[in-house]
Every structure is written in structure tokens, then in C-alpha cells.
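Data block for protein-v8.pdb (PDB, C-alpha atoms and all ligand atoms):
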ATOM      1  CA  MET A   4      63.718 209.855  -6.826
ATOM      2  CA  PRO A   5      65.335 213.290  -6.379
ATOM      3  CA  HIS A   6      65.923 214.739  -2.949
ATOM      4  CA  LEU A   7      64.850 218.319  -2.259
ATOM      5  CA  ALA A   8      65.659 220.557   0.679
ATOM      6  CA  ILE A   9      63.538 223.487   1.759
ATOM      7  CA  ILE A  10      65.435 226.239   3.537
ATOM      8  CA  SER A  11      63.129 228.025   5.957
ATOM      9  CA  SER A  12      64.876 231.361   6.394
ATOM     10  CA  SER A  13      63.006 233.195   9.117
ATOM     11  CA  VAL A  14      64.362 233.115  12.671
ATOM     12  CA  ARG A  15      61.824 235.676  13.902
ATOM     13  CA  THR A  16      59.867 234.967  17.079
ATOM     14  CA  GLY A  17      56.308 234.246  15.953
ATOM     15  CA  ARG A  18      57.385 233.763  12.345
ATOM     16  CA  ASN A  19      54.807 232.930   9.705
ATOM     17  CA  SER A  20      56.799 232.181   6.554
ATOM     18  CA  ASN A  21      57.637 228.764   7.995
ATOM     19  CA  ARG A  22      54.017 227.887   7.176
ATOM     20  CA  VAL A  23      54.963 228.001   3.512
ATOM     21  CA  ALA A  24      57.988 225.751   4.083
ATOM     22  CA  THR A  25      55.703 223.291   5.865
ATOM     23  CA  PHE A  26      53.240 223.436   2.982
ATOM     24  CA  PHE A  27      55.956 222.635   0.424
ATOM     25  CA  ARG A  28      57.258 219.714   2.441
ATOM     26  CA  ASN A  29      53.797 218.215   2.847
ATOM     27  CA  TYR A  30      52.785 218.824  -0.753
ATOM     28  CA  ILE A  31      55.986 217.386  -2.262
ATOM     29  CA  LEU A  32      55.582 214.260  -0.126
ATOM     30  CA  GLU A  33      51.885 213.933  -0.943
ATOM     31  CA  LYS A  34      52.536 214.204  -4.682
ATOM     32  CA  LYS A  35      55.612 211.974  -4.408
ATOM     33  CA  TYR A  36      57.623 214.484  -6.403
ATOM     34  CA  ALA A  37      60.748 213.833  -4.321
ATOM     35  CA  THR A  38      62.051 212.996  -0.903
ATOM     36  CA  VAL A  39      62.273 216.200   1.046
ATOM     37  CA  GLU A  40      63.514 217.787   4.252
ATOM     38  CA  ILE A  41      63.285 221.219   5.803
ATOM     39  CA  ILE A  42      66.545 222.949   6.687
ATOM     40  CA  ASP A  43      65.320 225.260   9.406
ATOM     41  CA  LEU A  44      67.635 228.217  10.011
ATOM     42  CA  ASN A  45      65.731 228.897  13.226
ATOM     43  CA  GLU A  46      67.074 225.599  14.568
ATOM     44  CA  TYR A  47      70.635 226.306  13.449
ATOM     45  CA  ARG A  48      70.784 229.872  14.750
ATOM     46  CA  PHE A  49      74.198 230.405  13.167
ATOM     47  CA  PRO A  50      76.272 233.216  14.657
ATOM     48  CA  ILE A  51      76.763 236.307  12.516
ATOM     49  CA  PHE A  52      79.134 235.424   9.688
ATOM     50  CA  ASP A  53      82.760 235.235  10.709
ATOM     51  CA  GLU A  54      84.416 233.232   7.923
ATOM     52  CA  ARG A  55      83.511 230.723   5.254
ATOM     53  CA  LEU A  56      83.226 227.156   6.452
ATOM     54  CA  LYS A  57      86.187 225.967   4.371
ATOM     55  CA  TYR A  58      88.495 228.409   6.149
ATOM     56  CA  GLN A  59      87.231 227.775   9.663
ATOM     57  CA  LYS A  60      89.604 225.913  11.937
ATOM     58  CA  GLN A  61      86.903 224.599  14.253
ATOM     59  CA  PRO A  62      83.556 224.591  12.475
ATOM     60  CA  THR A  63      80.611 223.612  14.637
ATOM     61  CA  PRO A  64      78.827 220.295  14.009
ATOM     62  CA  GLN A  65      75.772 222.364  12.981
ATOM     63  CA  MET A  66      77.727 224.124  10.252
ATOM     64  CA  LEU A  67      79.040 220.814   8.952
ATOM     65  CA  GLN A  68      75.557 219.326   9.050
ATOM     66  CA  PHE A  69      74.144 222.296   7.179
ATOM     67  CA  ALA A  70      76.819 221.963   4.483
ATOM     68  CA  ASP A  71      76.122 218.244   4.218
ATOM     69  CA  LYS A  72      72.414 218.836   3.726
ATOM     70  CA  VAL A  73      73.052 221.398   0.993
ATOM     71  CA  ILE A  74      75.492 219.054  -0.760
ATOM     72  CA  HIS A  75      73.050 216.152  -0.681
ATOM     73  CA  ALA A  76      70.042 218.117  -1.905
ATOM     74  CA  ASP A  77      69.487 217.737  -5.658
ATOM     75  CA  GLY A  78      67.488 220.951  -5.575
ATOM     76  CA  ILE A  79      66.562 223.567  -3.016
ATOM     77  CA  ILE A  80      63.560 225.754  -2.310
ATOM     78  CA  ILE A  81      64.396 228.861  -0.304
ATOM     79  CA  VAL A  82      61.407 230.261   1.553
ATOM     80  CA  THR A  83      62.209 233.816   2.578
ATOM     81  CA  PRO A  84      60.206 236.658   4.069
ATOM     82  CA  GLU A  85      60.612 240.251   2.948
ATOM     83  CA  TYR A  86      62.093 242.561   5.561
ATOM     84  CA  ASN A  87      62.315 246.214   4.543
ATOM     85  CA  GLY A  88      62.494 245.365   0.879
ATOM     86  CA  GLY A  89      65.219 242.750   1.281
ATOM     87  CA  TYR A  90      65.814 239.260   2.592
ATOM     88  CA  PRO A  91      66.655 238.587   6.263
ATOM     89  CA  ALA A  92      70.262 238.434   7.445
ATOM     90  CA  SER A  93      69.725 234.795   8.456
ATOM     91  CA  ILE A  94      69.669 233.592   4.853
ATOM     92  CA  LYS A  95      72.619 235.737   3.726
ATOM     93  CA  ASN A  96      74.522 234.417   6.717
ATOM     94  CA  ALA A  97      73.857 230.856   5.590
ATOM     95  CA  ILE A  98      74.631 231.513   1.912
ATOM     96  CA  ASP A  99      77.969 233.157   2.693
ATOM     97  CA  LEU A 100      79.004 230.306   4.981
ATOM     98  CA  LEU A 101      79.340 227.916   2.029
ATOM     99  CA  TYR A 102      80.815 228.284  -1.447
ATOM    100  CA  ASP A 103      81.387 225.263  -3.698
ATOM    101  CA  GLU A 104      78.387 223.576  -2.095
ATOM    102  CA  TRP A 105      76.112 225.992  -3.979
ATOM    103  CA  HIS A 106      77.760 225.520  -7.380
ATOM    104  CA  ARG A 107      75.116 224.767 -10.048
ATOM    105  CA  LYS A 108      72.617 223.880  -7.319
ATOM    106  CA  PRO A 109      69.110 224.417  -8.674
ATOM    107  CA  ILE A 110      67.395 226.831  -6.296
ATOM    108  CA  ALA A 111      63.827 228.083  -6.487
ATOM    109  CA  ILE A 112      62.743 231.024  -4.359
ATOM    110  CA  SER A 113      59.438 231.489  -2.597
ATOM    111  CA  THR A 114      58.976 234.978  -1.141
ATOM    112  CA  VAL A 115      56.533 235.660   1.674
ATOM    113  CA  SER A 116      54.980 238.740   3.231
ATOM    114  CA  ASP A 117      51.946 239.797   5.201
ATOM    115  CA  GLY A 118      51.211 242.466   2.608
ATOM    116  CA  ALA A 119      49.593 242.311  -0.806
ATOM    117  CA  TRP A 120      52.773 241.899  -2.895
ATOM    118  CA  GLY A 121      54.023 238.562  -1.632
ATOM    119  CA  GLY A 122      57.504 239.775  -0.780
ATOM    120  CA  ASN A 123      58.358 240.126  -4.456
ATOM    121  CA  GLN A 124      60.872 242.935  -3.845
ATOM    122  CA  VAL A 125      63.197 240.301  -2.380
ATOM    123  CA  ILE A 126      63.533 238.304  -5.544
ATOM    124  CA  THR A 127      66.146 240.330  -7.427
ATOM    125  CA  SER A 128      68.524 240.775  -4.499
ATOM    126  CA  LEU A 129      68.379 237.129  -3.445
ATOM    127  CA  GLN A 130      68.697 235.887  -7.028
ATOM    128  CA  PHE A 131      71.698 238.130  -7.512
ATOM    129  CA  SER A 132      73.494 236.821  -4.414
ATOM    130  CA  LEU A 133      72.794 233.240  -5.462
ATOM    131  CA  TRP A 134      73.979 233.962  -9.012
ATOM    132  CA  LYS A 135      77.177 235.488  -7.634
ATOM    133  CA  ILE A 136      77.865 232.344  -5.644
ATOM    134  CA  ARG A 137      77.273 230.275  -8.820
ATOM    135  CA  ALA A 138      74.043 228.606  -7.818
ATOM    136  CA  TRP A 139      71.494 227.879 -10.566
ATOM    137  CA  THR A 140      68.506 230.028  -9.758
ATOM    138  CA  VAL A 141      65.277 228.711 -11.197
ATOM    139  CA  THR A 142      63.132 231.315 -12.925
ATOM    140  CA  ALA A 143      59.782 230.134 -11.522
ATOM    141  CA  MET A 144      58.491 232.194  -8.607
ATOM    142  CA  PHE A 145      56.111 231.481  -5.747
ATOM    143  CA  PRO A 146      55.177 234.732  -4.026
ATOM    144  CA  VAL A 147      52.906 234.391  -0.991
ATOM    145  CA  PRO A 148      50.920 237.498  -0.030
ATOM    146  CA  LYS A 149      49.040 237.903   3.261
ATOM    147  CA  VAL A 150      50.604 234.754   4.642
ATOM    148  CA  GLU A 151      48.581 234.689   7.860
ATOM    149  CA  GLN A 152      45.369 234.531   5.860
ATOM    150  CA  THR A 153      46.551 232.292   3.039
ATOM    151  CA  PHE A 154      48.257 229.497   5.048
ATOM    152  CA  ASP A 155      47.436 228.169   8.514
ATOM    153  CA  GLU A 156      49.999 227.109  11.150
ATOM    154  CA  ASN A 157      50.124 223.603   9.698
ATOM    155  CA  GLY A 158      50.870 224.855   6.219
ATOM    156  CA  VAL A 159      47.370 224.200   4.930
ATOM    157  CA  PRO A 160      46.417 226.712   2.231
ATOM    158  CA  ALA A 161      43.129 228.589   2.378
ATOM    159  CA  ASP A 162      42.756 228.120  -1.390
ATOM    160  CA  PRO A 163      44.108 224.613  -2.028
ATOM    161  CA  ALA A 164      43.145 224.431  -5.710
ATOM    162  CA  GLY A 165      44.813 227.725  -6.606
ATOM    163  CA  VAL A 166      47.886 227.109  -4.468
ATOM    164  CA  HIS A 167      48.383 223.562  -5.743
ATOM    165  CA  LYS A 168      48.217 224.748  -9.337
ATOM    166  CA  ARG A 169      50.894 227.373  -8.724
ATOM    167  CA  ALA A 170      52.974 224.979  -6.623
ATOM    168  CA  ASP A 171      52.955 222.379  -9.415
ATOM    169  CA  VAL A 172      54.376 224.857 -11.921
ATOM    170  CA  PHE A 173      56.988 226.023  -9.411
ATOM    171  CA  ILE A 174      58.112 222.573  -8.279
ATOM    172  CA  ARG A 175      58.124 221.094 -11.789
ATOM    173  CA  GLU A 176      60.374 223.884 -13.005
ATOM    174  CA  LEU A 177      62.769 223.136 -10.171
ATOM    175  CA  LEU A 178      62.628 219.398 -10.915
ATOM    176  CA  TRP A 179      63.360 220.060 -14.598
ATOM    177  CA  CYS A 180      66.587 221.791 -13.567
ATOM    178  CA  VAL A 181      67.380 218.985 -11.128
ATOM    179  CA  GLU A 182      67.007 216.438 -13.933
ATOM    180  CA  ALA A 183      69.008 218.550 -16.385
ATOM    181  CA  ARG A 184      71.833 218.892 -13.872
ATOM    182  CA  LYS A 185      71.826 215.146 -13.260
ATOM    183  CA  LEU A 186      72.068 214.413 -16.985
ATOM    184  CA  MET A 187      74.904 216.882 -17.443
ATOM    185  CA  ASN A 188      76.769 215.483 -14.448
ATOM    186  CA  GLU A 189      76.451 211.989 -15.927
ATOM    187  CA  LYS A 190      77.706 213.244 -19.272
ATOM    188  CA  GLU A 191      80.711 214.916 -17.696
ATOM    189  CA  THR A 192      81.820 211.832 -15.737
TER
HETATM  190  C1  LIG B 201      61.669 243.750  10.163
HETATM  191  C2  LIG B 201      60.489 243.517   9.254
HETATM  192  C3  LIG B 201      60.402 244.207   8.066
HETATM  193  C4  LIG B 201      59.342 243.980   7.192
HETATM  194  N1  LIG B 201      59.324 244.608   5.983
HETATM  195  C5  LIG B 201      58.381 244.280   5.093
HETATM  196  C6  LIG B 201      58.408 244.833   3.772
HETATM  197  O1  LIG B 201      59.295 245.561   3.402
HETATM  198  N2  LIG B 201      57.433 244.471   2.904
HETATM  199  C7  LIG B 201      56.421 243.626   3.273
HETATM  200  O2  LIG B 201      55.564 243.341   2.442
HETATM  201  N3  LIG B 201      56.370 243.085   4.506
HETATM  202  C8  LIG B 201      57.321 243.398   5.411
HETATM  203  N4  LIG B 201      57.283 242.853   6.669
HETATM  204  C9  LIG B 201      56.206 241.920   6.999
HETATM  205  C10 LIG B 201      56.677 240.494   6.784
HETATM  206  O3  LIG B 201      56.758 240.201   5.429
HETATM  207  C11 LIG B 201      55.753 239.541   7.485
HETATM  208  O4  LIG B 201      55.805 239.832   8.868
HETATM  209  C12 LIG B 201      56.152 238.091   7.268
HETATM  210  O5  LIG B 201      55.274 237.290   7.978
HETATM  211  C13 LIG B 201      57.573 237.892   7.730
HETATM  212  O6  LIG B 201      57.942 236.541   7.726
HETATM  213  P1  LIG B 201      58.166 235.832   9.116
HETATM  214  O7  LIG B 201      56.852 235.940   9.835
HETATM  215  O8  LIG B 201      58.479 234.418   8.765
HETATM  216  O9  LIG B 201      59.277 236.485   9.812
HETATM  217  C14 LIG B 201      58.322 243.066   7.564
HETATM  218  C15 LIG B 201      58.409 242.402   8.783
HETATM  219  C16 LIG B 201      59.477 242.601   9.614
HETATM  220  C17 LIG B 201      59.562 241.823  10.906
END

Write the structure described by the file as C-alpha cells, please.
Ligand SMILES: Cc1cc2nc3c(=O)[nH]c(=O)nc-3n(C[C@H](O)[C@H](O)[C@H](O)COP(=O)(O)O)c2cc1C
Amino acid sequence: MPHLAIISSSVRTGRNSNRVATFFRNYILEKKYATVEIIDLNEYRFPIFDERLKYQKQPTPQMLQFADKVIHADGIIIVTPEYNGGYPASIKNAIDLLYDEWHRKPIAISTVSDGAWGGNQVITSLQFSLWKIRAWTVTAMFPVPKVEQTFDENGVPADPAGVHKRADVFIRELLWCVEARKLMNEKET
């Protein structure tokens, strides 16, 4: 069974996008799509970027743990809010920290906002940064508009049927890339 990681990007006091990360974790487990864990950037609270992990003389245990979790994830879902038309510094901070760890990593992006457009202005900038660092960005999208109304604190969607249908398409696309990467890795070894 593949192993997925969900990066919950928001470190904002009173954050709401973490509801979507919680939903994905619960739904993936319920459907037995994969084993899964949340990588919560609010727990890591990395300092503002200083240098890439591989060049740091004394990396913190948290940085090493974060790298380990990224390495061991077969695929990743990034849940990110939209702040002023872009993604929060917390996720850029975490992306820049690593390098080879992202190589060919299938990554699907779920954007979140409290407005009507589901944070979809984030998608191009985040995809571009992930492309630059040689991750494999998955084309499926999962925008979440009006997050406070559409998901409760426990990640339960207000419209389960509609959300599950969209989540299935999104997760299956990610899992297709995970499987393709596995097959190619086997072929190359
Ligand atoms: C600094 C800041 C900037 C924001 N800018 C936008 C924006 O450009 N577009 C939008 O739709 N929502 C915007 N919002 C609303 C957020 O998308 C909404 O608060 C969402 O819940 C943020 O995720 P979080 O609660 O996990 O931090 C902004 C919120 C903050 C705090």
C-alpha cells in the first residue's frame, strides 16, 4: 500500500485550512487508499529560511524529521491557503529547505480560501516553485471555497457526496502518478 503525506501549510492562529488536511487524512484512511500522515508546518514552526538542509552544519532534529517524512512519502498532498494571491511563506520556507528530497515526488495541491474562488490564484505560483525544484506536480486540483462553511473543525464536509466525488478524482490522479513512479523506479534499478 502506498504511503501519502499531507502537508498542512498554514501556521496562522485560528487557521481553517487545516480542516481540509484533516478531511484528506480521514478520507484516505476510510477508503484505504493508502497509509497517510499529516506533516503539520504549524508544529514544526521552522525559522525563516537560512540555508538548505544539506548545507547546514547543525540541522535541528525537526528539520531532519521533516526531510525523512518527505523522503518516505510516495506522494504528497499540499494543502495551502491563499494569502494575498499567493501561498504563505511557511510552505515556501519548507520547500526551499530541501532539494533532492522533492525530485520526481508526485505532489497534488489543494488550495483553500474563505472566499468564493477556493484559493485558485495560488496554483500557478506554487506549481511553478515545485516544478523548479523538480517535483512532479499532479494536474488534478482540489480548490476549497468558503472553508469555514464547507468543512467543520473535524474535517467533516458539509456536502459529503460532492466532496467525496471530487476527492476521489484528486486522490486517484495522485495515486496514478505514485504507481507510475514506482514502476519507473523498478525499471531503472
Ligand atoms: C494575510 C491573509 C491574506 C489573505 N488573502 C486572501 C486572498 O488573496 N484571497 C482569498 O480568497 N482569501 C484570502 N485570505 C483569506 C484566507 O484564504 C482564509 O482566511 C483562509 O482560511 C486562510 O487559511 P488559514 O485559515 O488556514 O490560514 C487571506 C487571509 C489572510 C490571513

Open item on the list: List the spatial neighbours of A:Gly165 as a VMD selection string - criterion: any atom at most 12 Å away, only C-alpha atoms, same-chain residues fewer than 5 positions off excluded.
Closed with: chain A and resid 145 147 153 160 170 to 172

- [ ] Could the residues that lie within 6 Å of ligand LIG 201 (chain B), counting all atoms listed in the file, be listed as a PyMOL selection string?
- [x] chain A and resi 13+15+18-21+84-88+115-118+122

Evaluating the PyMOL selection byres (((chain A and resi 76-79) around 6) and not hetatm) on the displayed file yields which residues, as a short mmCIF file (atom, residue, chain, number, x, y, z; two decimals) with C-alpha atoms, in the frame of the given file?
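Once written, expr-v3.cif looks like this:
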data_model
loop_
_atom_site.label_atom_id
_atom_site.label_comp_id
_atom_site.auth_asym_id
_atom_site.auth_seq_id
_atom_site.Cartn_x
_atom_site.Cartn_y
_atom_site.Cartn_z
CA HIS A 6 65.92 214.74 -2.95
CA LEU A 7 64.85 218.32 -2.26
CA ALA A 8 65.66 220.56 0.68
CA ILE A 9 63.54 223.49 1.76
CA VAL A 73 73.05 221.40 0.99
CA ILE A 74 75.49 219.05 -0.76
CA HIS A 75 73.05 216.15 -0.68
CA ILE A 80 63.56 225.75 -2.31
CA PRO A 109 69.11 224.42 -8.67
CA ILE A 110 67.40 226.83 -6.30
CA VAL A 181 67.38 218.98 -11.13
#

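Between atom CA of A:Val23 and atom CA of A:Pro5 there is a distance of 20.5 Å.
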
Open item on the list: I'd like to see the residues matched by the PyMOL selection byres (((chain A and resi 129) around 10) and not hetatm) on this file, and ideally I'd get them as a list of chain:residue names.
Closed with: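 When the PyMOL selection byres (((chain A and resi 129) around 10) and not hetatm) is applied, the selected residues are A:Ile81, A:Thr83, A:Gly89, A:Tyr90, A:Pro91, A:Ile94, A:Lys95, A:Ile98, A:Ile112, A:Thr114, A:Gln124, A:Val125, A:Ile126, A:Thr127, A:Ser128, A:Gln130, A:Phe131, A:Ser132, A:Leu133, A:Trp134, A:Lys135, A:Thr140.
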